[in-house]
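K.L.:
Structure in structure tokens, see below.
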Amino acid sequence: MTDLPQNTGQKLGLVIDLDTCVGCHACVVACKGWNTENYGAPLSDQDPYGADPSGTFLNRVHSFEAYFDDAPAQIIHFPRSCLHCEDAPCVTVCPTGASYKREEDGIVLVNEADCMGCGLCAWACPYGAREMDAKAGVMKKCTLCVDRIYNENLQEVDRVPACVRTCPAGARHFGDLGDPESDVSKLVSERGGVDLMPEQQTRPVNKYLPPRPKDSKAVMHGDSQLEPVATEATGLIAWVDRMLEKLP
Amino acid sequence: MNPAPSVILFTVASGAGFGMLAMLGAGMPSPTGWAAFLLFSLAYLLAVGGLAASAFHLANPKNAVKAFSQWRSSWLSREAILAIAALLVSAVNAFSSVFFETVLPVFGWVGSLLSIGTVLATGMIYAQLRAVPRWNSPLTPALFLAASLSAGALLTGQPIFAVFGLLMYAALQLAVWVHGDEAFPRSGSTSSTATGIEAEHVSLFEAPHTGSNYLLKEMVFRIGRKHASRLRVIALSAAIAIPLIILFISTSLPALFLAGIVHLCGMVVARWLFFAEAEHVVGLYYGRNA
Amino acid sequence: MTQPDINLSPKPGDEVRKTTCYMCACRCGINVHMKKGQVAYIEGNRDHPVNKGVLCAKGSAGIMQVNAPSRLRAPLKRTGSRGSGEFEEISWDEALDIAVGWLKPLRQKAPEKLAFFTGRDQSQSFTSFWAQNFGTPNYAAHGGFCSVNMAAAGIYTMGGAFWEFGQPDWDHTKLFMIFGVAEDHDSNPIKMGIGKLKARGAKVIGVNPVRTGYNAVADEWIGITPGTDGLFILSLVHELLRSGQVDFDYLARYTNAPVLLDEETRLFQRNEDGKPLVIDRRTGKKTPFDEKGVRPDLTGGKGKHLTVFRLLADRFMADEYSPDAVAGKTGIAAERIRRLAAEIARVAFKEPVVLPIRWTDFRGETHDTMTGRPVAFHAMRGISAHSNGFQTCRSLHLLQILLGSVETPGGFRFKPPYPKPSEAHPKPHCKVRPGHPLDGPHLGFVHGPDDLALSEDGSPARIDKAFSWENPMSAHGLMHMVISNAHAGDPYKIDTLFFYMANMAWNSSMNTEEVIAMLTDKDESGDYVIPHIIYSDAYSSETVAYADLVLPDTTYLERHDCISLLDRPICEADAAADAIRWPVIEPDRDVRPFQTVLIQLANKLELPGFVKEDGEPLYRDYADYIVNHMRKPGIGPLMGFRGKGGDDVGRGRPNQDQLDRYIRNGGFFVAHVPEQAQYFKPWNDAYQNWAVDLGLFDAPQPYLFQLYLEPLRKFQRAAEGHGERQPPDYLRGQIREKLDPLPFWYSPVSEGLEDNGYSISAITQRPMAMYHSWGSQNAWLRQIHGSNPLYIPVQLWQEHGFEPGDWARLTSPHGSMTAPVAPMAALNCNTVWTWNAIGKRKGAWALSSDAPEANKGFLLNHLIHELLPPKGDGLRWANSDPVTGQAAWFDLKVRIERIPGDAGPDPDFDPLGSPVGKGPVELAWEVGND
Ligand SMILES: Nc1nc2c(c(=O)[nH]1)N[C@H]1C(S)=C(S)[C@@H](COP(=O)(O)OP(=O)(O)OC[C@H]3O[C@@H](n4cnc5c(=O)[nH]c(N)nc54)[C@H](O)[C@@H]3O)O[C@H]1N2
Ligand SMILES: Nc1nc2c(c(=O)[nH]1)N[C@H]1C(S)=C(S)[C@@H](COP(=O)(O)OP(=O)(O)OC[C@H]3O[C@@H](n4cnc5c(=O)[nH]c(N)nc54)[C@H](O)[C@@H]3O)O[C@H]1N2
Ligand code: SF4
Ligand code: SF4
Ligand code: SF4
Ligand code: SF4
Ligand code: SF4
Ligand SMILES: [Mo]
């Protein structure tokens with residue numbers, strides 16, 4: 001199974017808008033909730049009420065600080081989960097065949113029944129998208145909510161990943177990135193969506209929309225200022241009167 | 001990367017064990033009877049013991065047998081298959097040498113090659129990881145092989161080969177460090193490529209969680225530079241310099257054995273550093289700007 | 001090669017129960033997926049008017065709230081000393097008997113000796129009804145320390161406020177400016193709104209010393225100096241007035257700008273009916289403002305008469321509000337202010353939104369279109385939690401109104417039951433008659449000295465001194481003053497403190513350490529100075545340890561609740577809406593819904609309103625009350641499914657099926673505002689009539705926006721010596737100066753502080769994934785925010801030589817404490833900040849004592865005092881807004897020193913005993929499939 005499919009039917013994935021993400025962690029927890037109850041073993045937590053709580057999450061939201069030319073520093077919230085890479089190194093390294101990339105839609109999954117918990121796939125993933133569950137001893141990763149997107153027990157509108165459905169700001173989009181006509185593909189081309197760490201040669205399916213220029217000339221709309229009509233109150237009153245007289 | 005004791009022990013011990021099997025299989029030396037028993041036992045103890053230690057690293061060992069299935073793509077799978085093959089094939093020669101006092105050179109040579117293959121495969125497991133730039137180089141399997149053969153030569157009492165192996169290993173280890181220290185910047189991965197944010201400077205402001213997680217424990221291990229250089233000196237001395245000095249003084253079996261033990265201790269340090277110094281690019285997401 | 005077979009269609013549950021989230025005051029609709037009677041997954045309800053399917057981190061983590069080990073298990077009677085956390089579990093019968101034993105004699109003799117304060121209560125119309133019938137004047141909820149400046153300034157000025165009571169017109173706004181908001185109560189709607197703006201490419205400007213969250217995604221960030229927003233806003237006003245870029249038509253028609261002022265008293269000129277007068281441009285005559293067809297003249301007949309507009313032009317065109325004059329204090333360059341004013345003016349007047357909707361105004365004039373100024377503003381505690389917050393909020397409303405962007409397309413819109421003029425709200429009541437109910441509702445809006453809550457002798461009638469001369473317009477009460485006043489016996493001693501869901505011994509008090517001391521202080525005879533403390537919490541919070549009697553509440557999935565139009569409903573600008581919670585699971589502990597407990601107490605106390613003449617209970621429990629209680633004939637807690645068949649909306653007889661109908665409808669009810677009533681609501685006939693039909697009010701009540709706030713002028717007049725009721729002399733100056741009827745700016749920081757080296761502002765922000773103190777008991781959320789660093793601007797970081805891993809010592813005039821530090825560049829260069837309420841007391845919340853929350857997490861509250869440092873006049877002035885009493889959390893100024901390495905927490909409190917034990921060592925919470 002660890003061979004990668006030559007060509008997947010679809011390339012399902014996420015498009016994440018860094019210009020819109022407010023860093024609320026809603027997607028993080030919705031993902032935790034859905035995947036604790038669904039696909040495979042529950043996502044466990046160790047020392048949950050103690051000194052060193054840790055646990056398995058499939059999606060995490062970081063905040064970065066960035067400096068641009070001639071502008072104040074910015075904070076950019078950055079959600080991170082599996083990118084469902086086309087050249088997924090996590091799949092090819094897996095000795096047991098537990099890791100695989102689905103032929104029909106390109107989703108990268110771990111078949112927990114086969115996983116021996118060696119951790120090599122997590123080492124191979126540049127993006128930190130895999131976390132070993134300390135209780136179940138199997139590798140966990142974003143499933144692209146494979147058990148939602150085709151789920152016949154859900155209404156059609158709800159057949160999207162849990163994180164996408166919950167995102168209050170609408171910063172997460174789901175669709176087929178293999179179809180240039182899909183909404184997500186269009187969004188990527190309009191907004192200049194990018195690959196993360198292209199130098200890692202993983203060819204991620206997920207794309208990130210970079211933050212739009214901020215605080216720059218482009219959004220400051222020139223250096224215009226208003227023309228005064230009066231410099232003190234009596235002048236203004238007189239001006240207003242003249243103006244009102246012109247009205248019918 | 002997290003220098004997990006089980007993995008350090010596994011790679012050092014099994015490296016030495018397969019190194020011994022490679023030497024023994026190639027007829028350097030070709031012991032029979034009790035001598036064969038002792039040497040092959042030691043080799044198997046190290047190789048199998050190492051493999052057993054690696055099982056401790058598995059979170060779900062009950063599926064370990066499935067690791068033989070993916071030889072077409074996975075170096076870990078190849079390593080597992082090669083290791084078993086090397087152990088089995090070498091066992092024929094060992095059995096014959098011990099109990100029938102007859103060396104079987106064909107089994108020996110094939111076993112030897114399989115052992116070398118095993119060690120190379122182990123090296124390839126790390127070398128293939130683009131996400132760990134320090135390892136992502138042909139130098140890695142070469143380093144593993146040189147270390148393995150050095151230990152093998154010392155423990156099988158082959159002074160000339162040992163000196164040769166140790167010098168090779170010394171050269172490779174230095175090359176690996178020189179190469180490795182520049183590997184991360186050379187890999188081109190930066191906070192900026194990791195996030196797709198094109199700015200003069202991008203740094204982590206707030207981690208996604210104040211609690212810990214698997215990634216932090218496993219991959220975002222970081223050791224201080226000062227500490228590392230001290231350990232490098234220790235590793236070089238124990239794994240290479242002291243054994244060479246011992247060999248220079250005496251090439252008696254006990255001396256060779258002593259050199260072997262010192263070397264293995266040095267290797268534990270060197271291997272600890274191999275993991276501890278390796279930066280995974282995922283560190284970029286956790287404020288490790290490498 | 002074959003891929004494994006996976007189940008692509010697992011059932012998310014065997015049943016969905018739709019109720020309302022409770023992890024914050026946003027009150028989103030949730031779908032609770034159940035498996036075999038257990039909660040399996042919680043997601044947002046797509047049909048719900050508030051969240052339309054989305055859900056925040058806290059809401060999604062509700063399952064961890066419901067299984068939290070910190071849940072209280074049974075009523076508790078204190079056995080150890082206060083603060084020890086030692087309790088004995090008792091039966092409900094015993095608990096109710098104890099409470100009645102304390103309360104009954106109070107009601108008979110001195111009802112005011114009960115102080116009943118409810119924190120972040122979502123049932124205030126009910127809890128206040130209880131307190132009113134008990135007869136104590138001492139009731140309020142948490143608004144006073146929260147954001148009463150925002151509420152009061154909005155309601156007095158425009159008849160509605162930001163907070164969750166209104167919203168930008170997300171679909172039409174082209175320029176959105178957000179001041180001092182980290183999260184707000186409208187959590188999800190704001191995020192959804194910002195998402196909409198981003199999708200449309202509309203511009204967002206964030207005004208905030210800190211650039212995180214909403215400010216991080218803002219296209220332009222203004223890292224203002226804390227406390228100076230008023231100056232900045234008024235300099236924008238200055239620029240707009242100078243250039244004539246204000247909506248004169250709007251001002252003339254819908255605001256009191258044209259209202260005539262008496263030259264001497266500066267009170268409104270009124271006709272015999274008390275109607276404010278304007279000059280009618282058609283006739284040039286003084287005419288009541290609301291006469292049919294009247295065209296109010298802004299300039300008072302070419303300046304012959306004094307109008308509000310003339311007064312405000314005078315004030316704001318003065319140099320003190322020019323961009324050059326304010327640049328230094330605000331930290332915003334003058335050119336930038338000018339550019340922003342130009343940008344605002346361009347969007348407002350060159351890019352108006354014109355909707356082809358015909359409507360008729362209250363003067364009978366019909367308009368063919370609705371024209372709006374698509375500049376929308378929003379603001380919250382960043383401007384209101386300062387001691388100049390009331391006037392700053394007023395300044396922002398002034399700006400909005402000058403632009404004509406309130407209740408017009410693209411601007412700011414009210415949510416029903418707003419708009420509602422301040423006169424339509426009740427006035428505060430405080431008349432105590434032992435054994436009888438109070439003479440009316442506790443809280444409300446005063447319109448002059450006569451409305452203050454004073455005793456015969458002129459002293460404050462309420463324990464929190466709300467509606468007294470110290471803070472006359474304290475519309476929400478002053479919960480933050482209750483403990484210290486009760487402890488000091490000022491204005492009088494009380495017997496029983498009764499708190500509900502407010503963590504007063506920790507994050508919701510200023511000056512936590514001293515508050516704890518007050519709660520545990522004993523008098524000479526060895527009795528507690530505050531004799532009895534009853535507390536209702538659902539979890540093992542810090543405050544539980546200080547109660548004598550603990551009434552354990554259910555969690556939000558285990559009880560009935562009602563989110564009512566009578567208090568803080570879930571309306572949207574285009575719809576009135578209310579909602580319920582209902583027990584989607586049964587409690588597995590001996591706990592009771594607090595509202596039901598109040599009813600049980602009321603029945604035992606035989607409170608009017610709760611029992612019939614013969615003492616028979618009117619209501620069994622809260623569910624019964626929700627259905628059958630009527631405030632006015634036909635009007636009850638819920639507006640939907642009223643009347644016999646359940647078809648009446650707003651007004652109608654109680655319907656015994658009402659709760660079932662709500663449940664079948666998804667837990668909420670929506671009544672849409674008709675199209676022609678969507679904007680210009682305060683003056684729009686169609687809206688006014690719709691609101692009357694729905695029961696929001698009894699008769700149409702169009703009104704004018706109050707740029708000039710006459711009630712403030714009445715207080716000033718009292719301070720100047722006019723009238724019967726006179727303020728104490730020491731307050732005259734403050735009232736004359738600060739209760740100015742026109743907005744203005746003054747420094748919120750005590751004089752001299754900066755000279756003594758307290759020059760750095762220290763503020764807090766709400767983390768989006770945590771709700772005050774309760775997130776820390778949540779196994780998922782506490783992994784996200786388990787500790788909080790103090791963020792320090794890079795310049796200060798370098799100046800002090802901080803290194804990662806260091807701590808800092810922070811010192812305010814009031815105290816000193818330690819905190820771990822981290823650097824930040826996107827921050828005002830003279831401000832430090834941290835996440836609010838992450839720090840926990842050891843032993844609380846069923847966390848282990850070595851939990852990071854208690855060892856690295858910290859509260860800034862230790863440095864904030866409810867009183868200002870002595871000024872040398874022998875008086876202690878409150879650290880609050882002089883108009884409303886709002887707690888001035890964000891006026892804190894500190895000094896900072898580096899401590900190399902980990903200093904550990906200081907102050908460091910002893911661990912509390914845990915009445916609930918500790919949590920498990922591992923969690924893998926799967927309800928599971930068969
Ligand atoms: N430094 C600083 N301090 C601040 C602020 C700040 O910005 N900075 N903000 C202030 C503001 S605006 C506020 S509103 C306060 C908030 O302060 P609090 O209102 O005290 O905050 P919470 O932590 O929400 O505490 C409420 C209590 O309610 C309990 N509770 C939760 N759910 C239930 C339930 O279902 N039933 C019952 N009976 N109890 C329940 C919780 O366990 C908790 O003990 O903090 C104030 N304190
Ligand atoms: N997730 C979550 N949501 C919540 C709560 C929660 O605890 N967690 N609490 C709820 C409650 S009770 C309340 S009251 C609301 C409060 O909602 P907000 O008012 O949004 O809450 P704060 O976190 O107090 O945010 C104050 C903001 O003002 C900024 N600020 C401080 N001083 C100034 C200033 O002088 N000028 C300007 N322009 N900005 C300033 C701070 O940096 C911060 O961003 O949130 C509610 N919603
Ligand atoms: S992101 Fe990581 S885990 Fe996901 S497919 Fe790519 S390499 Fe594999
Ligand atoms: S941890 Fe499991 S999925 Fe990952 S490489 Fe090992 S066996 Fe494969
Ligand atoms: S797609 Fe599903 S599994 Fe992946 S991050 Fe989103 S919620 Fe988690
Ligand atoms: S839910 Fe949306 S806005 Fe919130 S952190 Fe995730 S992607 Fe960002
Ligand atoms: S904003 Fe979050 S916590 Fe608040 S009610 Fe909505 S889902 Fe619940
Ligand atoms: Mo609040």
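Simple scheme: letters A, B, ... for chains in structure tokens order, numbers from 1 for residues in each chain, numbers from 1 for ligands in the order shown.
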Enumerate the residues of range 760-791 of chain C with a DSSP assignment of helix (DSSP H, G or I), computed from the backbone, and present them as a list of chain:residue names.
P.N.:
C:His772, C:Ser773, C:Trp774, C:Gly775, C:Ser776, C:Gln777, C:Leu781, C:Arg782, C:Gln783, C:Ile784
K.L.:
Please produce a file of the residues just selected, as a tab-separated table (two decimals), in the first residue's frame, where the atoms kept are all heavy atoms.
P.N.:
chain	number	residue	atom	x	y	z
C	772	HIS	N	-13.17	33.22	30.52
C	772	HIS	CA	-12.79	33.59	31.88
C	772	HIS	C	-12.11	32.41	32.56
C	772	HIS	O	-11.25	31.77	31.98
C	772	HIS	CB	-14.02	34.05	32.67
C	772	HIS	CG	-14.63	35.27	32.09
C	772	HIS	ND1	-14.02	36.50	32.16
C	772	HIS	CD2	-15.76	35.46	31.39
C	772	HIS	CE1	-14.78	37.39	31.55
C	772	HIS	NE2	-15.83	36.79	31.06
C	773	SER	N	-12.58	32.13	33.79
C	773	SER	CA	-11.88	31.09	34.54
C	773	SER	C	-12.33	29.69	34.15
C	773	SER	O	-11.65	28.73	34.45
C	773	SER	CB	-12.10	31.31	36.03
C	773	SER	OG	-13.47	31.38	36.33
C	774	TRP	N	-13.47	29.54	33.49
C	774	TRP	CA	-13.96	28.16	33.38
C	774	TRP	C	-13.32	27.32	32.31
C	774	TRP	O	-13.55	26.13	32.26
C	774	TRP	CB	-15.45	27.98	33.24
C	774	TRP	CG	-16.39	29.11	33.23
C	774	TRP	CD1	-16.28	30.28	33.89
C	774	TRP	CD2	-17.63	29.16	32.54
C	774	TRP	NE1	-17.38	31.04	33.65
C	774	TRP	CE2	-18.23	30.37	32.84
C	774	TRP	CE3	-18.29	28.25	31.71
C	774	TRP	CZ2	-19.46	30.75	32.33
C	774	TRP	CZ3	-19.53	28.63	31.22
C	774	TRP	CH2	-20.10	29.87	31.52
C	775	GLY	N	-12.54	27.90	31.42
C	775	GLY	CA	-11.94	27.06	30.38
C	775	GLY	C	-10.89	26.13	30.94
C	775	GLY	O	-10.62	25.07	30.37
C	776	SER	N	-10.28	26.50	32.06
C	776	SER	CA	-9.14	25.74	32.55
C	776	SER	C	-9.49	24.35	33.04
C	776	SER	O	-8.62	23.50	33.17
C	776	SER	CB	-8.45	26.49	33.68
C	776	SER	OG	-7.96	27.70	33.19
C	777	GLN	N	-10.77	24.12	33.32
C	777	GLN	CA	-11.15	22.79	33.76
C	777	GLN	C	-11.43	21.90	32.56
C	777	GLN	O	-11.75	20.74	32.71
C	777	GLN	CB	-12.40	22.89	34.61
C	777	GLN	CG	-13.58	23.39	33.79
C	777	GLN	CD	-14.73	23.82	34.63
C	777	GLN	OE1	-14.97	23.25	35.66
C	777	GLN	NE2	-15.42	24.86	34.22
C	781	LEU	N	-9.28	22.57	26.15
C	781	LEU	CA	-8.92	23.99	26.05
C	781	LEU	C	-7.68	24.32	26.87
C	781	LEU	O	-6.88	25.17	26.48
C	781	LEU	CB	-10.09	24.86	26.51
C	781	LEU	CG	-11.38	24.69	25.71
C	781	LEU	CD1	-12.47	25.60	26.27
C	781	LEU	CD2	-11.16	24.99	24.23
C	782	ARG	N	-7.50	23.63	27.98
C	782	ARG	CA	-6.35	24.01	28.80
C	782	ARG	C	-5.03	23.60	28.17
C	782	ARG	O	-3.98	24.08	28.54
C	782	ARG	CB	-6.47	23.48	30.24
C	782	ARG	CG	-6.23	22.01	30.42
C	782	ARG	CD	-6.45	21.64	31.88
C	782	ARG	NE	-5.35	22.09	32.74
C	782	ARG	CZ	-4.36	21.29	33.17
C	782	ARG	NH1	-4.33	20.03	32.82
C	782	ARG	NH2	-3.42	21.77	33.94
C	783	GLN	N	-5.09	22.73	27.18
C	783	GLN	CA	-3.86	22.43	26.44
C	783	GLN	C	-3.49	23.58	25.52
C	783	GLN	O	-2.33	23.74	25.15
C	783	GLN	CB	-4.01	21.14	25.63
C	783	GLN	CG	-4.13	19.91	26.51
C	783	GLN	CD	-4.25	18.64	25.70
C	783	GLN	OE1	-3.39	18.35	24.86
C	783	GLN	NE2	-5.30	17.88	25.93
C	784	ILE	N	-4.49	24.36	25.14
C	784	ILE	CA	-4.22	25.51	24.26
C	784	ILE	C	-3.70	26.69	25.09
C	784	ILE	O	-2.72	27.32	24.73
C	784	ILE	CB	-5.49	25.88	23.47
C	784	ILE	CG1	-5.92	24.70	22.59
C	784	ILE	CG2	-5.24	27.13	22.62
C	784	ILE	CD1	-7.23	24.91	21.86
K.L.:
Let me have all residues with an atom within 9 Å of ligand 6, counting only C-alpha atoms and all ligand atoms, laid out as a VMD selection string.
P.N.:
(chain A and resid 16 to 18 20 to 30 59 to 62 77 to 79 163 to 172) or (chain C and resid 54 to 57 191 195 768)
K.L.:
Where does chain B meet chain A within 7 Å, residue by residue, with the nearest atom pair and distance in Å to one decimal for each, counting only C-alpha atoms, listed by chain and rising number, as CSV?
P.N.:
residue,atom,partner,partner_atom,distance
B:His57,CA,A:Cys118,CA,6.5
B:Leu58,CA,A:Cys118,CA,4.7
B:Ala59,CA,A:Gly117,CA,4.4
B:Asn60,CA,A:Met116,CA,4.4
B:Pro61,CA,A:Met116,CA,5.5
B:Lys62,CA,A:Met116,CA,6.8
B:Asn63,CA,A:Met116,CA,4.7
B:Ala64,CA,A:Met116,CA,5.6
B:Lys66,CA,A:Thr96,CA,4.7
B:Ala67,CA,A:Thr96,CA,4.3
B:Phe68,CA,A:Pro95,CA,6.8
B:Ser69,CA,A:Thr96,CA,6.0
B:Gln70,CA,A:Pro95,CA,5.2
B:Ser73,CA,A:Thr92,CA,5.4
B:Ser74,CA,A:Val93,CA,4.5
B:Trp75,CA,A:Val93,CA,6.5
B:Leu76,CA,A:Pro95,CA,5.5
B:Ser77,CA,A:Pro95,CA,4.5
B:Leu129,CA,A:Ala124,CA,5.5
B:Arg130,CA,A:Gln200,CA,6.5
B:Ala131,CA,A:Pro126,CA,4.8
B:Gly188,CA,A:Glu199,CA,6.6
B:Ser189,CA,A:Met197,CA,6.3
B:Thr193,CA,A:Met197,CA,4.8
B:Ala194,CA,A:Met197,CA,5.0
B:Thr195,CA,A:Leu196,CA,6.0
B:Gly196,CA,A:Leu196,CA,5.7
B:Ile197,CA,A:Pro210,CA,6.2
B:Ala199,CA,A:Phe68,CA,5.2
B:Glu200,CA,A:Phe68,CA,5.6
B:His201,CA,A:Tyr67,CA,5.3
B:Val202,CA,A:Ala66,CA,4.4
B:Ser203,CA,A:Glu65,CA,5.3
B:Leu204,CA,A:Phe64,CA,4.4
B:Phe205,CA,A:Phe64,CA,4.7
B:Glu206,CA,A:Ser63,CA,5.0
B:Ala207,CA,A:His62,CA,5.3
B:Pro208,CA,A:His62,CA,4.4
B:Gly211,CA,A:Pro53,CA,5.4
B:Ser212,CA,A:Ser54,CA,4.7
B:Asn213,CA,A:Ser54,CA,5.1
B:Tyr214,CA,A:Glu131,CA,5.6
B:Leu215,CA,A:Glu131,CA,6.6
B:Val281,CA,A:Pro126,CA,5.8
B:Val282,CA,A:Gly128,CA,5.5
K.L.:
Residues of chain C were defined as contacting chain A if any atom lay at most 6 Å from it, counting only C-alpha atoms; please report them as a ChimeraX atom specification.
P.N.:
/C:8-9,11,54-57,60,188,191-192,195,213-214,216-217,219-220,242-243,313-314,317,338-339,342,768,779,825-826,847-848,850-852,919,921-924,926
K.L.:
Please, what distance in Å, to one decimal, runs between CA of Trp745 in chain C and atom 35 (O, counted along the ligand's line) of ligand 2?
P.N.:
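Interatomic distance here is 12.4 Å.
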